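Dumped run11.cif below, it's mmCIF, N, CA and C atoms:
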```cif
data_structure
#
loop_
_atom_site.label_atom_id
_atom_site.label_comp_id
_atom_site.auth_asym_id
_atom_site.auth_seq_id
_atom_site.Cartn_x
_atom_site.Cartn_y
_atom_site.Cartn_z
N MET A 1 150.01 122.78 41.27
CA MET A 1 149.34 123.36 40.13
C MET A 1 147.86 123.02 40.20
N ALA A 2 147.01 123.92 39.79
CA ALA A 2 145.57 123.74 39.88
C ALA A 2 144.99 122.92 38.74
N ILE A 3 145.76 122.65 37.70
CA ILE A 3 145.29 121.84 36.59
C ILE A 3 145.81 120.41 36.77
N ILE A 4 144.89 119.47 36.81
CA ILE A 4 145.22 118.06 36.99
C ILE A 4 145.07 117.36 35.63
N ILE A 5 146.05 116.56 35.28
CA ILE A 5 146.05 115.82 34.01
C ILE A 5 145.64 114.38 34.29
N ASN A 6 144.59 113.94 33.62
CA ASN A 6 144.05 112.59 33.83
C ASN A 6 144.24 111.68 32.62
N ILE A 7 145.30 111.90 31.87
CA ILE A 7 145.54 111.06 30.69
C ILE A 7 145.73 109.60 31.10
N ASP A 8 146.41 109.36 32.20
CA ASP A 8 146.66 107.99 32.64
C ASP A 8 145.35 107.26 32.93
N VAL A 9 144.37 107.96 33.48
CA VAL A 9 143.06 107.36 33.76
C VAL A 9 142.38 106.95 32.46
N MET A 10 142.39 107.86 31.48
CA MET A 10 141.75 107.56 30.20
C MET A 10 142.51 106.46 29.45
N MET A 11 143.83 106.45 29.56
CA MET A 11 144.62 105.40 28.91
C MET A 11 144.28 104.04 29.51
N ALA A 12 144.12 103.99 30.82
CA ALA A 12 143.77 102.72 31.48
C ALA A 12 142.37 102.27 31.06
N LYS A 13 141.43 103.20 30.97
CA LYS A 13 140.07 102.85 30.55
C LYS A 13 140.05 102.32 29.12
N ARG A 14 140.92 102.86 28.27
CA ARG A 14 140.95 102.46 26.86
C ARG A 14 141.96 101.34 26.61
N LYS A 15 142.68 100.95 27.67
CA LYS A 15 143.68 99.88 27.58
C LYS A 15 144.70 100.15 26.48
N ILE A 16 145.30 101.34 26.55
CA ILE A 16 146.31 101.74 25.57
C ILE A 16 147.57 102.15 26.33
N SER A 17 148.71 101.75 25.82
CA SER A 17 149.98 102.08 26.47
C SER A 17 150.44 103.48 26.09
N LEU A 18 151.35 104.01 26.86
CA LEU A 18 151.92 105.33 26.58
C LEU A 18 152.61 105.33 25.22
N GLY A 19 153.36 104.29 24.93
CA GLY A 19 154.06 104.21 23.65
C GLY A 19 153.11 104.16 22.46
N GLU A 20 152.04 103.39 22.61
CA GLU A 20 151.06 103.28 21.52
C GLU A 20 150.34 104.61 21.31
N LEU A 21 149.94 105.26 22.40
CA LEU A 21 149.27 106.56 22.27
C LEU A 21 150.21 107.59 21.67
N ALA A 22 151.45 107.60 22.11
CA ALA A 22 152.43 108.55 21.58
C ALA A 22 152.58 108.36 20.06
N GLU A 23 152.64 107.13 19.63
CA GLU A 23 152.77 106.85 18.19
C GLU A 23 151.53 107.32 17.42
N ARG A 24 150.36 107.05 17.95
CA ARG A 24 149.11 107.43 17.28
C ARG A 24 148.95 108.96 17.21
N VAL A 25 149.44 109.65 18.25
CA VAL A 25 149.28 111.11 18.33
C VAL A 25 150.45 111.81 17.64
N ASP A 26 151.49 111.07 17.32
CA ASP A 26 152.69 111.62 16.70
C ASP A 26 153.40 112.61 17.63
N ILE A 27 153.67 112.12 18.83
CA ILE A 27 154.40 112.87 19.85
C ILE A 27 155.41 111.90 20.45
N THR A 28 156.52 112.39 20.93
CA THR A 28 157.50 111.47 21.52
C THR A 28 156.96 110.90 22.83
N PRO A 29 157.31 109.66 23.14
CA PRO A 29 156.89 109.10 24.43
C PRO A 29 157.37 109.95 25.60
N ALA A 30 158.55 110.56 25.48
CA ALA A 30 159.06 111.40 26.57
C ALA A 30 158.17 112.62 26.78
N ASN A 31 157.75 113.26 25.69
CA ASN A 31 156.89 114.43 25.82
C ASN A 31 155.50 114.05 26.33
N LEU A 32 154.97 112.90 25.91
CA LEU A 32 153.69 112.45 26.41
C LEU A 32 153.80 112.12 27.90
N SER A 33 154.91 111.56 28.31
CA SER A 33 155.14 111.26 29.72
C SER A 33 155.18 112.54 30.56
N ILE A 34 155.84 113.56 30.04
CA ILE A 34 155.89 114.86 30.74
C ILE A 34 154.48 115.41 30.91
N LEU A 35 153.69 115.32 29.88
CA LEU A 35 152.31 115.78 29.95
C LEU A 35 151.51 114.94 30.94
N LYS A 36 151.63 113.63 30.83
CA LYS A 36 150.89 112.70 31.69
C LYS A 36 151.20 112.90 33.17
N ASN A 37 152.46 113.22 33.46
CA ASN A 37 152.88 113.39 34.86
C ASN A 37 152.65 114.80 35.40
N GLY A 38 152.02 115.65 34.61
CA GLY A 38 151.69 116.99 35.08
C GLY A 38 152.86 117.95 35.10
N LYS A 39 153.93 117.62 34.39
CA LYS A 39 155.12 118.47 34.39
C LYS A 39 155.11 119.49 33.24
N ALA A 40 154.19 119.31 32.28
CA ALA A 40 154.13 120.21 31.13
C ALA A 40 153.53 121.55 31.56
N ARG A 41 153.96 122.61 30.92
CA ARG A 41 153.45 123.95 31.20
C ARG A 41 152.44 124.39 30.16
N ALA A 42 152.33 123.67 29.06
CA ALA A 42 151.40 124.03 27.99
C ALA A 42 151.12 122.80 27.14
N ILE A 43 150.04 122.86 26.38
CA ILE A 43 149.72 121.82 25.41
C ILE A 43 149.09 122.51 24.20
N ARG A 44 149.51 122.09 23.03
CA ARG A 44 148.93 122.63 21.80
C ARG A 44 147.53 122.06 21.63
N PHE A 45 146.64 122.87 21.09
CA PHE A 45 145.29 122.39 20.82
C PHE A 45 145.31 121.22 19.85
N SER A 46 146.22 121.24 18.90
CA SER A 46 146.30 120.14 17.94
C SER A 46 146.69 118.83 18.64
N THR A 47 147.56 118.92 19.64
CA THR A 47 147.95 117.74 20.41
C THR A 47 146.78 117.26 21.26
N LEU A 48 146.10 118.20 21.91
CA LEU A 48 144.94 117.85 22.73
C LEU A 48 143.86 117.21 21.87
N GLU A 49 143.64 117.77 20.69
CA GLU A 49 142.65 117.21 19.77
C GLU A 49 143.02 115.78 19.37
N ALA A 50 144.28 115.54 19.06
CA ALA A 50 144.73 114.20 18.66
C ALA A 50 144.58 113.21 19.82
N ILE A 51 144.92 113.63 21.02
CA ILE A 51 144.77 112.76 22.20
C ILE A 51 143.30 112.41 22.41
N CYS A 52 142.43 113.42 22.32
CA CYS A 52 140.99 113.18 22.49
C CYS A 52 140.45 112.25 21.40
N ARG A 53 140.93 112.43 20.19
CA ARG A 53 140.50 111.58 19.08
C ARG A 53 140.90 110.13 19.35
N GLU A 54 142.14 109.92 19.75
CA GLU A 54 142.64 108.55 19.95
C GLU A 54 142.06 107.88 21.20
N LEU A 55 141.75 108.67 22.21
CA LEU A 55 141.18 108.11 23.44
C LEU A 55 139.65 108.16 23.44
N ASP A 56 139.08 108.72 22.36
CA ASP A 56 137.62 108.85 22.23
C ASP A 56 137.03 109.50 23.48
N CYS A 57 137.51 110.71 23.77
CA CYS A 57 137.07 111.42 24.97
C CYS A 57 136.99 112.92 24.70
N GLN A 58 136.55 113.65 25.69
CA GLN A 58 136.46 115.10 25.63
C GLN A 58 137.65 115.70 26.39
N PRO A 59 138.03 116.95 26.08
CA PRO A 59 139.13 117.58 26.82
C PRO A 59 138.91 117.58 28.33
N GLY A 60 137.65 117.72 28.75
CA GLY A 60 137.35 117.71 30.18
C GLY A 60 137.58 116.37 30.85
N ASP A 61 137.67 115.30 30.05
CA ASP A 61 138.00 113.98 30.61
C ASP A 61 139.49 113.89 30.94
N ILE A 62 140.28 114.76 30.30
CA ILE A 62 141.74 114.73 30.46
C ILE A 62 142.23 115.83 31.39
N LEU A 63 141.65 117.01 31.25
CA LEU A 63 142.07 118.17 32.04
C LEU A 63 141.03 118.49 33.11
N GLU A 64 141.50 118.72 34.32
CA GLU A 64 140.61 119.02 35.44
C GLU A 64 141.19 120.19 36.22
N TYR A 65 140.31 121.09 36.63
CA TYR A 65 140.73 122.24 37.44
C TYR A 65 140.37 121.99 38.89
N ARG A 66 141.36 122.09 39.76
CA ARG A 66 141.14 122.01 41.21
C ARG A 66 141.83 123.21 41.83
N PRO A 67 141.06 124.10 42.41
CA PRO A 67 141.70 125.29 43.02
C PRO A 67 142.70 124.88 44.10
N GLU A 68 143.79 125.61 44.14
CA GLU A 68 144.79 125.36 45.18
C GLU A 68 144.35 126.05 46.45
N ASN A 69 144.57 125.38 47.55
CA ASN A 69 144.23 125.97 48.85
C ASN A 69 145.48 126.64 49.39
N ASN A 70 145.57 127.93 49.22
CA ASN A 70 146.75 128.69 49.63
C ASN A 70 146.65 129.16 51.09
N ASN A 71 145.58 128.79 51.78
CA ASN A 71 145.40 129.24 53.16
C ASN A 71 146.11 128.35 54.17
N LEU A 72 146.70 127.26 53.74
CA LEU A 72 147.36 126.35 54.69
C LEU A 72 148.76 126.75 54.99
#
```
Is it possible to give me this structure as structure tokens?
Amino acid sequence: MAIIINIDVMMAKRKISLGELAERVDITPANLSILKNGKARAIRFSTLEAICRELDCQPGDILEYRPENNNL
């Protein structure tokens, strides 16, 4: 997938656990884990907003676009 999720990087910088972030954002730890591991197919803007609020970051700090190289 061309979208890379960097929530784990921001969580490490802010020294916050997955469980603590999940509680603050009001999302299940399982769903946050799916998102963190890049397995999610979508994210609600309200969830993204809550994550950014709690991690004190911008959406671009969490989501990154890397084009896939389909020529290989």
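The residue that comes closest to A:Ile27, out of A:Val9, A:Ile51, A:Ile4, A:Ala40 and on the basis of only C-alpha atoms, is A:Ile51.
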Please write the residues picked by the PyMOL selection byres ((chain A and resi 3) around 6) on this file as a ChimeraX atom specification. /A:1-2,4-5,64-66
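Backbone DSSP over chain A yields strand (DSSP E or B) at Ile3, Ile4, Ile5, Leu63, Glu64 and Tyr65 of chain A.
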Just say which residues the PyMOL selection byres ((chain A and resi 7) around 7) picks in this file, as a ChimeraX atom specification. /A:4-6,8-12,35-36,61-63
On this structure, which residues satisfy the PyMOL selection byres (((chain A and resi 31 and name CA) around 12) and name CA), written as a PyMOL selection string? chain A and resi 18-19+21-23+25-30+32-43+47
Separation of atom CA of A:Arg14 from atom CA of A:Asp56 in Å: 8.6 Å
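A straight-line distance of 18.1 Å separates atom C of A:Ser17 from atom CA of A:Pro59.
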Please indicate the distance in Å from atom N of A:Ser46 to atom N of A:Ile16, rounded to one decimal place. 21.3 Å
